[in-house]
>>> print(open('data.csv').read())   # CSV, C-alpha atoms
chain,number,residue,atom,x,y,z
R,15,ASP,CA,0.0,0.0,0.0
R,16,ALA,CA,1.2,3.5,-0.8
R,17,LYS,CA,2.4,5.6,2.1
R,18,THR,CA,0.3,8.6,3.1
R,19,THR,CA,1.3,11.8,4.9
R,20,GLN,CA,-1.1,13.8,7.0
R,21,PRO,CA,-0.7,16.7,9.4
R,22,THR,CA,-0.6,15.6,13.0
R,23,SER,CA,-3.3,18.0,14.1
R,24,MET,CA,-5.7,20.6,12.9
R,25,ASP,CA,-8.5,22.6,14.3
R,26,CYS,CA,-11.6,24.2,12.9
R,27,ALA,CA,-14.4,26.4,14.1
R,28,GLU,CA,-17.8,24.8,14.6
R,29,GLY,CA,-20.1,25.4,11.6
R,30,ARG,CA,-17.2,26.0,9.2
R,31,ALA,CA,-15.8,23.5,6.6
R,32,ALA,CA,-13.0,21.3,7.8
R,33,ASN,CA,-10.5,20.5,5.1
R,34,LEU,CA,-8.2,17.7,5.9
R,35,PRO,CA,-5.3,17.1,3.5
R,36,CYS,CA,-3.5,13.9,2.6
R,37,ASN,CA,-0.4,13.3,0.5
R,38,HIS,CA,-0.1,10.0,-1.3
R,39,SER,CA,2.5,10.7,-4.0
R,40,THR,CA,3.5,7.0,-4.6
R,41,ILE,CA,-0.1,5.8,-5.1
R,42,SER,CA,-0.5,3.3,-7.9
R,43,GLY,CA,-3.2,3.5,-10.5
R,44,ASN,CA,-5.4,0.9,-8.9
R,45,GLU,CA,-5.2,2.0,-5.3
R,46,TYR,CA,-8.1,3.7,-3.8
R,47,VAL,CA,-8.0,6.5,-1.2
R,48,TYR,CA,-10.0,5.7,1.9
R,49,TRP,CA,-10.9,7.9,4.9
R,50,TYR,CA,-11.8,6.6,8.3
R,51,ARG,CA,-12.1,8.3,11.6
R,52,GLN,CA,-11.9,7.3,15.2
R,53,ILE,CA,-13.9,9.2,17.8
R,54,HIS,CA,-12.3,8.9,21.2
R,55,SER,CA,-11.9,5.2,21.9
R,56,GLN,CA,-14.6,3.9,19.6
R,57,GLY,CA,-13.9,1.6,16.7
R,58,PRO,CA,-12.8,3.3,13.5
R,59,GLN,CA,-15.6,4.5,11.3
R,60,TYR,CA,-15.6,4.5,7.5
R,61,ILE,CA,-16.2,7.9,6.0
R,62,ILE,CA,-15.7,7.8,2.2
R,63,HIS,CA,-13.4,6.4,-0.5
R,64,GLY,CA,-12.6,7.2,-4.1
R,65,LEU,CA,-10.3,6.3,-7.0
R,66,LYS,CA,-10.1,9.2,-9.4
R,67,ASN,CA,-13.3,11.2,-9.3
R,68,ASN,CA,-14.4,13.4,-6.5
R,69,GLU,CA,-16.9,11.7,-4.2
R,70,THR,CA,-19.6,13.0,-1.9
R,71,ASN,CA,-21.8,11.2,0.6
R,72,GLU,CA,-23.9,12.2,3.6
R,73,MET,CA,-20.8,12.5,5.8
R,74,ALA,CA,-18.2,14.2,3.6
R,75,SER,CA,-16.7,15.1,0.3
R,76,LEU,CA,-13.5,13.7,-1.1
R,77,ILE,CA,-11.5,15.8,-3.6
R,78,ILE,CA,-8.7,13.9,-5.4
R,79,THR,CA,-6.2,15.8,-7.5
R,80,GLU,CA,-5.9,15.0,-11.1
R,81,ASP,CA,-2.5,13.4,-10.7
R,82,ARG,CA,-3.9,11.5,-7.7
R,83,LYS,CA,-0.9,12.4,-5.5
R,84,SER,CA,-3.0,14.1,-2.9
R,85,SER,CA,-6.5,14.4,-1.7
R,86,THR,CA,-8.7,16.5,0.7
R,87,LEU,CA,-11.5,15.3,2.9
R,88,ILE,CA,-14.1,18.0,3.4
R,89,LEU,CA,-16.5,18.0,6.3
R,90,PRO,CA,-18.8,20.8,5.1
R,91,HIS,CA,-20.3,22.0,8.4
R,92,ALA,CA,-18.1,20.7,11.2
R,93,THR,CA,-19.8,20.1,14.6
R,94,LEU,CA,-18.3,19.2,18.0
R,95,ARG,CA,-19.1,15.6,17.3
R,96,ASP,CA,-16.7,15.6,14.4
R,97,THR,CA,-13.8,15.9,16.9
R,98,ALA,CA,-11.8,12.7,16.1
R,99,VAL,CA,-8.6,11.3,14.6
R,100,TYR,CA,-9.0,11.1,10.8
R,101,TYR,CA,-7.1,8.5,8.8
R,102,CYS,CA,-6.2,8.6,5.1
R,103,ILE,CA,-5.3,5.2,3.7
R,104,ALA,CA,-4.2,4.3,0.1
R,105,MET,CA,-4.9,0.7,-0.7
R,106,TYR,CA,-6.2,-1.8,-3.2
R,107,SER,CA,-9.9,-2.5,-2.8
R,108,SER,CA,-9.1,-6.2,-2.6
R,109,ALA,CA,-6.4,-5.7,0.0
R,110,SER,CA,-6.7,-8.2,2.9
R,111,LYS,CA,-6.0,-5.6,5.6
R,112,ILE,CA,-6.1,-1.9,6.4
R,113,ILE,CA,-3.0,-0.4,8.0
R,114,PHE,CA,-3.8,2.7,10.1
R,115,GLY,CA,-1.1,5.4,10.4
R,116,SER,CA,-1.1,8.2,13.0
R,117,GLY,CA,-3.8,10.2,11.2
R,118,THR,CA,-4.8,13.8,11.8
R,119,ARG,CA,-6.3,14.8,15.2
R,120,LEU,CA,-9.1,17.2,14.3
R,121,SER,CA,-10.4,19.5,17.1
R,122,ILE,CA,-13.6,21.5,16.5
R,123,ARG,CA,-13.8,24.6,18.7
R,124,PRO,CA,-17.1,26.1,19.7
E,145,GLU,CA,-27.2,0.3,9.7
E,146,PRO,CA,-25.9,-3.2,10.5
E,147,GLU,CA,-23.4,-3.5,13.4
E,148,VAL,CA,-20.5,-5.6,14.5
E,149,THR,CA,-21.1,-6.7,18.0
E,150,GLN,CA,-18.4,-7.4,20.5
E,151,THR,CA,-18.6,-8.9,24.0
E,152,PRO,CA,-17.7,-8.2,26.7
E,153,SER,CA,-17.1,-4.5,26.6
E,154,HIS,CA,-14.6,-4.8,29.4
E,155,GLN,CA,-12.5,-7.8,30.5
E,156,VAL,CA,-10.2,-7.9,33.5
E,157,THR,CA,-7.9,-10.9,33.8
E,158,GLN,CA,-4.9,-12.0,35.7
E,159,MET,CA,-1.5,-12.4,34.0
E,160,GLY,CA,-1.1,-15.9,32.6
E,161,GLN,CA,-4.8,-16.5,32.3
E,162,GLU,CA,-6.6,-17.3,29.0
E,163,VAL,CA,-9.1,-14.9,27.6
E,164,ILE,CA,-11.6,-15.2,24.7
E,165,LEU,CA,-12.9,-12.1,23.1
E,166,ARG,CA,-16.1,-12.5,21.1
E,167,CYS,CA,-17.4,-10.9,18.0
E,168,VAL,CA,-20.5,-11.2,15.9
E,169,PRO,CA,-19.7,-9.9,12.5
E,170,ILE,CA,-22.4,-8.5,10.1
E,171,SER,CA,-24.3,-11.5,8.9
E,172,ASN,CA,-23.5,-11.5,5.1
E,173,HIS,CA,-19.8,-10.5,5.5
E,174,LEU,CA,-17.0,-12.7,4.4
E,175,TYR,CA,-13.8,-11.2,5.7
E,176,PHE,CA,-13.1,-10.8,9.4
E,177,TYR,CA,-10.4,-8.9,11.3
E,178,TRP,CA,-9.0,-8.3,14.7
E,179,TYR,CA,-7.2,-5.0,15.6
E,180,ARG,CA,-5.9,-3.7,18.8
E,181,GLN,CA,-5.1,-0.3,20.2
E,182,ILE,CA,-2.9,0.2,23.2
E,183,LEU,CA,-3.8,3.4,25.1
E,184,GLY,CA,-2.5,6.4,23.3
E,185,GLN,CA,-1.1,4.5,20.3
E,186,LYS,CA,-2.1,3.6,16.8
E,187,VAL,CA,-4.8,1.1,15.8
E,188,GLU,CA,-2.7,-2.0,15.0
E,189,PHE,CA,-3.7,-4.9,12.6
E,190,LEU,CA,-3.5,-8.3,14.2
E,191,VAL,CA,-5.1,-10.8,11.8
E,192,SER,CA,-7.5,-11.2,8.9
E,193,PHE,CA,-9.7,-14.3,8.4
E,194,TYR,CA,-11.4,-15.5,5.2
E,195,ASN,CA,-13.0,-18.8,4.1
E,196,ASN,CA,-12.3,-20.3,7.5
E,197,GLU,CA,-8.6,-19.7,7.6
E,198,ILE,CA,-6.2,-16.9,8.5
E,199,SER,CA,-5.6,-14.8,5.4
E,200,GLU,CA,-2.8,-12.6,6.9
E,201,LYS,CA,-1.4,-11.9,10.3
E,202,SER,CA,1.0,-9.4,11.8
E,203,GLU,CA,4.1,-9.9,13.9
E,204,ILE,CA,2.1,-9.2,17.0
E,205,PHE,CA,-0.1,-12.2,16.3
E,206,ASP,CA,2.2,-14.9,17.7
E,207,ASP,CA,1.6,-18.4,19.0
E,208,GLN,CA,-0.2,-16.9,22.0
E,209,PHE,CA,-3.0,-15.7,19.8
E,210,SER,CA,-5.6,-17.8,17.8
E,211,VAL,CA,-8.8,-17.0,16.0
E,212,GLU,CA,-11.8,-19.2,15.4
E,213,ARG,CA,-15.2,-19.1,13.7
E,214,PRO,CA,-16.9,-21.7,15.8
E,215,ASP,CA,-20.3,-21.4,14.2
E,216,GLY,CA,-21.9,-19.4,11.5
E,217,SER,CA,-22.1,-16.2,13.5
E,218,ASN,CA,-19.3,-15.8,16.0
E,219,PHE,CA,-15.7,-14.9,15.5
E,220,THR,CA,-13.4,-15.2,18.5
E,221,LEU,CA,-9.9,-14.1,19.5
E,222,LYS,CA,-8.1,-16.2,22.1
E,223,ILE,CA,-5.1,-15.2,24.0
E,224,ARG,CA,-3.7,-18.3,25.7
E,225,SER,CA,-1.5,-16.8,28.4
E,226,THR,CA,-2.1,-13.1,28.9
E,227,LYS,CA,0.8,-10.7,29.5
E,228,LEU,CA,0.7,-7.3,31.0
E,229,GLU,CA,1.4,-5.8,27.5
E,230,ASP,CA,-1.7,-7.4,26.1
E,231,SER,CA,-3.7,-4.8,27.9
E,232,ALA,CA,-5.4,-2.8,25.1
E,233,MET,CA,-8.7,-2.2,23.3
E,234,TYR,CA,-9.4,-5.0,20.9
E,235,PHE,CA,-11.5,-4.2,17.8
E,236,CYS,CA,-13.3,-6.7,15.6
E,237,ALA,CA,-14.2,-5.8,12.0
E,238,SER,CA,-15.9,-7.3,9.1
E,239,ARG,CA,-16.2,-6.7,5.4
E,240,ASP,CA,-18.3,-7.7,2.5
E,241,LEU,CA,-16.1,-8.3,-0.5
E,242,LEU,CA,-19.0,-8.9,-2.8
E,243,ALA,CA,-20.3,-5.4,-2.3
E,244,THR,CA,-19.1,-2.5,-4.5
E,245,ASN,CA,-18.4,-0.5,-1.4
E,246,GLU,CA,-15.9,-2.7,0.4
E,247,LYS,CA,-15.6,-0.8,3.6
E,248,LEU,CA,-14.7,-2.2,7.0
E,249,PHE,CA,-17.3,-2.1,9.8
E,250,PHE,CA,-15.8,-2.0,13.2
E,251,GLY,CA,-17.3,-3.1,16.5
E,252,SER,CA,-17.1,-0.9,19.6
E,253,GLY,CA,-14.3,-2.9,21.1
E,254,THR,CA,-13.4,-4.9,24.2
E,255,GLN,CA,-11.1,-3.2,26.7
E,256,LEU,CA,-8.8,-5.9,28.0
E,257,SER,CA,-7.0,-5.2,31.3
E,258,VAL,CA,-4.3,-7.7,32.4
E,259,LEU,CA,-3.3,-7.4,36.0
>>> encode(input="data.csv", output="structure tokens")
Amino acid sequence: DAKTTQPTSMDCAEGRAANLPCNHSTISGNEYVYWYRQIHSQGPQYIIHGLKNNETNEMASLIITEDRKSSTLILPHATLRDTAVYYCIAMYSSASKIIFGSGTRLSIRP
Amino acid sequence: EPEVTQTPSHQVTQMGQEVILRCVPISNHLYFYWYRQILGQKVEFLVSFYNNEISEKSEIFDDQFSVERPDGSNFTLKIRSTKLEDSAMYFCASRDLLATNEKLFFGSGTQLSVL
């Protein structure tokens, strides 16, 4: 799986959009970009994934650059409940495991 | 939304004792996992399980660990002789490889404390 690089921590004001960057410059053509988050000590939670095109679901949007070397997860209207560690993972969809890195600790301030 | 269920939520045991952590994956899922997270550290992969056998395991998953799918619904992690350093949150996860969205669903975890 390609290595990903994320900032250690970020903060965002409640109600504003939270934009979480991820670099994956060595990603291969068939590797997807997945985002998960972990709220406090709960189990990680899937957010979104994509290959080439931008994706949107009820939780977030994923913007992938044309060269696929980086991506941004967007939480459009951050709430206090979005405070969590966010993990960006590059992997094949058929991969037998997910390897979590250190992620970005996102703090939402009131 | 369907859930992965883990029991117990907390387990306290004495060093050297055997523990079994239990998980009920989502019913139509085919791939099962165990992860652990020591307090303040990363979520670490332990083992993946598919078609009634281990698909992949990490260096952490040594001879003290074993997994089993004893029936059609449960998936268990056994630690034969617990050590202090086994104290961690253990997460079970499952995945449906036949779906187009092959995301992992995680349980809420079992907090294991070895005294």
>>> closest_residue(input="data.csv", among="R:Ile61, R:Ala16, R:Ile113, R:Leu120", to="Trp49 of chain R", atoms="all atoms listed in the file")
R:Ile61
>>> closest_atom_pairs(input="data.csv", of="chain R", to="chain E", cutoff="12 Å", atoms="all atoms listed in the file", output="Markdown table")
| residue | atom | partner | partner_atom | distance |
| --- | --- | --- | --- | --- |
| R:Tyr46 | CA | E:Glu246 | CA | 10.9 |
| R:Val47 | CA | E:Lys247 | CA | 11.6 |
| R:Tyr48 | CA | E:Lys247 | CA | 8.7 |
| R:Trp49 | CA | E:Lys247 | CA | 10.0 |
| R:Tyr50 | CA | E:Leu248 | CA | 9.4 |
| R:Arg51 | CA | E:Phe250 | CA | 11.1 |
| R:Gln52 | CA | E:Val187 | CA | 9.4 |
| R:Ile53 | CA | E:Ser252 | CA | 10.7 |
| R:His54 | CA | E:Gly184 | CA | 10.3 |
| R:Ser55 | CA | E:Met233 | CA | 8.2 |
| R:Gln56 | CA | E:Ser252 | CA | 5.4 |
| R:Gly57 | CA | E:Ser252 | CA | 5.0 |
| R:Pro58 | CA | E:Phe250 | CA | 6.1 |
| R:Gln59 | CA | E:Phe250 | CA | 6.8 |
| R:Tyr60 | CA | E:Lys247 | CA | 6.6 |
| R:Ile61 | CA | E:Lys247 | CA | 9.0 |
| R:Ile62 | CA | E:Lys247 | CA | 8.7 |
| R:His63 | CA | E:Asn245 | CA | 8.6 |
| R:Gly64 | CA | E:Asn245 | CA | 10.0 |
| R:Leu65 | CA | E:Asn245 | CA | 12.0 |
| R:Val99 | CA | E:Lys186 | CA | 10.3 |
| R:Tyr100 | CA | E:Lys186 | CA | 11.8 |
| R:Tyr101 | CA | E:Val187 | CA | 10.4 |
| R:Ile103 | CA | E:Lys247 | CA | 11.9 |
| R:Met105 | CA | E:Glu246 | CA | 11.6 |
| R:Tyr106 | CA | E:Glu246 | CA | 10.4 |
| R:Ser107 | CA | E:Glu246 | CA | 6.8 |
| R:Ser108 | CA | E:Leu241 | CA | 7.6 |
| R:Ala109 | CA | E:Glu246 | CA | 10.0 |
| R:Ser110 | CA | E:Ser192 | CA | 6.8 |
| R:Lys111 | CA | E:Ser192 | CA | 6.7 |
| R:Ile112 | CA | E:Phe189 | CA | 7.3 |
| R:Ile113 | CA | E:Phe189 | CA | 6.5 |
| R:Phe114 | CA | E:Val187 | CA | 6.0 |
| R:Gly115 | CA | E:Lys186 | CA | 6.7 |
| R:Ser116 | CA | E:Lys186 | CA | 6.0 |
| R:Gly117 | CA | E:Lys186 | CA | 8.8 |
| R:Thr118 | CA | E:Lys186 | CA | 11.7 |
>>> residues_around(input="data.csv", residues="segment 28-38 of chain R", least_positions_apart="6", cutoff="8 Å", atoms="all atoms listed in the file", output="list in words")
Ala16, Lys17, Thr18, Thr19, Gln20, Pro21, Arg82, Lys83, Ser84, Ser85, Thr86, Leu87, Ile88, Leu89, Pro90, His91, Ala92, Thr93, Leu94, Cys102, Ala104, Thr118, Ile122, Arg123 and Pro124 of chain R
>>> atom_distance(input="data.csv", atom1="atom CA of Ser231 of chain E", atom2="atom CA of Val258 of chain E")
5.4 Å
>>> atom_distance(input="data.csv", atom1="atom CA of Asn218 of chain E", atom2="atom CA of Val148 of chain E")
10.4 Å
>>> atom_distance(input="data.csv", atom1="atom CA of Thr151 of chain E", atom2="atom CA of Ile164 of chain E")
9.4 Å
>>> residues_near_point(input="data.csv", point="(-19.3, -10.0, 5.2)", cutoff="9 Å", atoms="only C-alpha atoms", output="PyMOL selection string")
chain E and resi 169-176+238-243
>>> residues_around(input="data.csv", residues="Gln208 of chain E", least_positions_apart="5", cutoff="10 Å", atoms="all atoms listed in the file", output="ChimeraX atom specification")
/E:162,222-227
>>> closest_residue(input="data.csv", among="E:Met159, E:Ala232, E:Cys167, E:Leu259", to="Glu212 of chain E", atoms="all atoms listed in the file")
E:Cys167
>>> build_atoms(input="data.csv", residues="segment 222-244 of chain E", atoms="N, CA, C and O atoms", output="PDB file, keeping the file's coordinate frame")
ATOM      1  N   LYS E 222      -8.599 -15.627  20.832  1.00  0.00           N
ATOM      2  CA  LYS E 222      -8.100 -16.200  22.100  1.00  0.00           C
ATOM      3  C   LYS E 222      -6.703 -15.819  22.343  1.00  0.00           C
ATOM      4  O   LYS E 222      -5.859 -15.887  21.436  1.00  0.00           O
ATOM      5  N   ILE E 223      -6.445 -15.410  23.581  1.00  0.00           N
ATOM      6  CA  ILE E 223      -5.100 -15.200  24.000  1.00  0.00           C
ATOM      7  C   ILE E 223      -4.813 -16.239  25.081  1.00  0.00           C
ATOM      8  O   ILE E 223      -5.488 -16.258  26.125  1.00  0.00           O
ATOM      9  N   ARG E 224      -3.856 -17.110  24.841  1.00  0.00           N
ATOM     10  CA  ARG E 224      -3.700 -18.300  25.700  1.00  0.00           C
ATOM     11  C   ARG E 224      -3.165 -17.958  27.070  1.00  0.00           C
ATOM     12  O   ARG E 224      -3.661 -18.444  28.067  1.00  0.00           O
ATOM     13  N   SER E 225      -2.156 -17.163  27.160  1.00  0.00           N
ATOM     14  CA  SER E 225      -1.500 -16.800  28.400  1.00  0.00           C
ATOM     15  C   SER E 225      -1.245 -15.340  28.426  1.00  0.00           C
ATOM     16  O   SER E 225      -0.229 -14.907  27.885  1.00  0.00           O
ATOM     17  N   THR E 226      -2.165 -14.583  28.994  1.00  0.00           N
ATOM     18  CA  THR E 226      -2.100 -13.100  28.900  1.00  0.00           C
ATOM     19  C   THR E 226      -0.859 -12.555  29.570  1.00  0.00           C
ATOM     20  O   THR E 226      -0.429 -13.040  30.627  1.00  0.00           O
ATOM     21  N   LYS E 227      -0.330 -11.497  28.959  1.00  0.00           N
ATOM     22  CA  LYS E 227       0.800 -10.700  29.500  1.00  0.00           C
ATOM     23  C   LYS E 227       0.302  -9.328  29.823  1.00  0.00           C
ATOM     24  O   LYS E 227      -0.716  -8.876  29.278  1.00  0.00           O
ATOM     25  N   LEU E 228       1.037  -8.635  30.655  1.00  0.00           N
ATOM     26  CA  LEU E 228       0.700  -7.300  31.000  1.00  0.00           C
ATOM     27  C   LEU E 228       0.530  -6.412  29.718  1.00  0.00           C
ATOM     28  O   LEU E 228      -0.373  -5.574  29.613  1.00  0.00           O
ATOM     29  N   GLU E 229       1.431  -6.624  28.776  1.00  0.00           N
ATOM     30  CA  GLU E 229       1.400  -5.800  27.500  1.00  0.00           C
ATOM     31  C   GLU E 229       0.303  -6.162  26.580  1.00  0.00           C
ATOM     32  O   GLU E 229       0.164  -5.509  25.540  1.00  0.00           O
ATOM     33  N   ASP E 230      -0.510  -7.140  26.911  1.00  0.00           N
ATOM     34  CA  ASP E 230      -1.700  -7.400  26.100  1.00  0.00           C
ATOM     35  C   ASP E 230      -2.858  -6.488  26.464  1.00  0.00           C
ATOM     36  O   ASP E 230      -3.892  -6.500  25.793  1.00  0.00           O
ATOM     37  N   SER E 231      -2.683  -5.715  27.502  1.00  0.00           N
ATOM     38  CA  SER E 231      -3.700  -4.800  27.900  1.00  0.00           C
ATOM     39  C   SER E 231      -3.909  -3.749  26.766  1.00  0.00           C
ATOM     40  O   SER E 231      -2.962  -3.056  26.361  1.00  0.00           O
ATOM     41  N   ALA E 232      -5.125  -3.689  26.241  1.00  0.00           N
ATOM     42  CA  ALA E 232      -5.400  -2.800  25.100  1.00  0.00           C
ATOM     43  C   ALA E 232      -6.906  -2.907  24.798  1.00  0.00           C
ATOM     44  O   ALA E 232      -7.635  -3.721  25.366  1.00  0.00           O
ATOM     45  N   MET E 233      -7.339  -2.061  23.867  1.00  0.00           N
ATOM     46  CA  MET E 233      -8.700  -2.200  23.300  1.00  0.00           C
ATOM     47  C   MET E 233      -8.565  -3.064  22.075  1.00  0.00           C
ATOM     48  O   MET E 233      -7.706  -2.818  21.221  1.00  0.00           O
ATOM     49  N   TYR E 234      -9.419  -4.062  21.997  1.00  0.00           N
ATOM     50  CA  TYR E 234      -9.400  -5.000  20.900  1.00  0.00           C
ATOM     51  C   TYR E 234     -10.656  -4.749  20.021  1.00  0.00           C
ATOM     52  O   TYR E 234     -11.775  -4.812  20.531  1.00  0.00           O
ATOM     53  N   PHE E 235     -10.433  -4.489  18.739  1.00  0.00           N
ATOM     54  CA  PHE E 235     -11.500  -4.200  17.800  1.00  0.00           C
ATOM     55  C   PHE E 235     -11.692  -5.365  16.835  1.00  0.00           C
ATOM     56  O   PHE E 235     -10.709  -5.822  16.241  1.00  0.00           O
ATOM     57  N   CYS E 236     -12.908  -5.785  16.650  1.00  0.00           N
ATOM     58  CA  CYS E 236     -13.300  -6.700  15.600  1.00  0.00           C
ATOM     59  C   CYS E 236     -13.839  -5.935  14.429  1.00  0.00           C
ATOM     60  O   CYS E 236     -14.463  -4.886  14.629  1.00  0.00           O
ATOM     61  N   ALA E 237     -13.625  -6.418  13.226  1.00  0.00           N
ATOM     62  CA  ALA E 237     -14.200  -5.800  12.000  1.00  0.00           C
ATOM     63  C   ALA E 237     -14.585  -6.800  11.026  1.00  0.00           C
ATOM     64  O   ALA E 237     -14.055  -7.918  11.020  1.00  0.00           O
ATOM     65  N   SER E 238     -15.506  -6.430  10.159  1.00  0.00           N
ATOM     66  CA  SER E 238     -15.900  -7.300   9.100  1.00  0.00           C
ATOM     67  C   SER E 238     -16.124  -6.546   7.798  1.00  0.00           C
ATOM     68  O   SER E 238     -16.296  -5.317   7.830  1.00  0.00           O
ATOM     69  N   ARG E 239     -16.130  -7.276   6.713  1.00  0.00           N
ATOM     70  CA  ARG E 239     -16.200  -6.700   5.400  1.00  0.00           C
ATOM     71  C   ARG E 239     -16.860  -7.578   4.408  1.00  0.00           C
ATOM     72  O   ARG E 239     -16.704  -8.793   4.471  1.00  0.00           O
ATOM     73  N   ASP E 240     -17.629  -6.968   3.502  1.00  0.00           N
ATOM     74  CA  ASP E 240     -18.300  -7.700   2.500  1.00  0.00           C
ATOM     75  C   ASP E 240     -17.646  -7.534   1.156  1.00  0.00           C
ATOM     76  O   ASP E 240     -17.813  -6.489   0.525  1.00  0.00           O
ATOM     77  N   LEU E 241     -16.867  -8.493   0.732  1.00  0.00           N
ATOM     78  CA  LEU E 241     -16.100  -8.300  -0.500  1.00  0.00           C
ATOM     79  C   LEU E 241     -16.948  -8.411  -1.750  1.00  0.00           C
ATOM     80  O   LEU E 241     -16.471  -8.107  -2.834  1.00  0.00           O
ATOM     81  N   LEU E 242     -18.181  -8.836  -1.583  1.00  0.00           N
ATOM     82  CA  LEU E 242     -19.000  -8.900  -2.800  1.00  0.00           C
ATOM     83  C   LEU E 242     -19.731  -7.613  -3.065  1.00  0.00           C
ATOM     84  O   LEU E 242     -20.351  -7.458  -4.097  1.00  0.00           O
ATOM     85  N   ALA E 243     -19.620  -6.665  -2.141  1.00  0.00           N
ATOM     86  CA  ALA E 243     -20.300  -5.400  -2.300  1.00  0.00           C
ATOM     87  C   ALA E 243     -19.349  -4.436  -3.099  1.00  0.00           C
ATOM     88  O   ALA E 243     -18.131  -4.581  -3.087  1.00  0.00           O
ATOM     89  N   THR E 244     -19.929  -3.453  -3.753  1.00  0.00           N
ATOM     90  CA  THR E 244     -19.100  -2.500  -4.500  1.00  0.00           C
ATOM     91  C   THR E 244     -18.403  -1.541  -3.513  1.00  0.00           C
ATOM     92  O   THR E 244     -17.349  -1.013  -3.822  1.00  0.00           O
TER      93      THR E 244
END
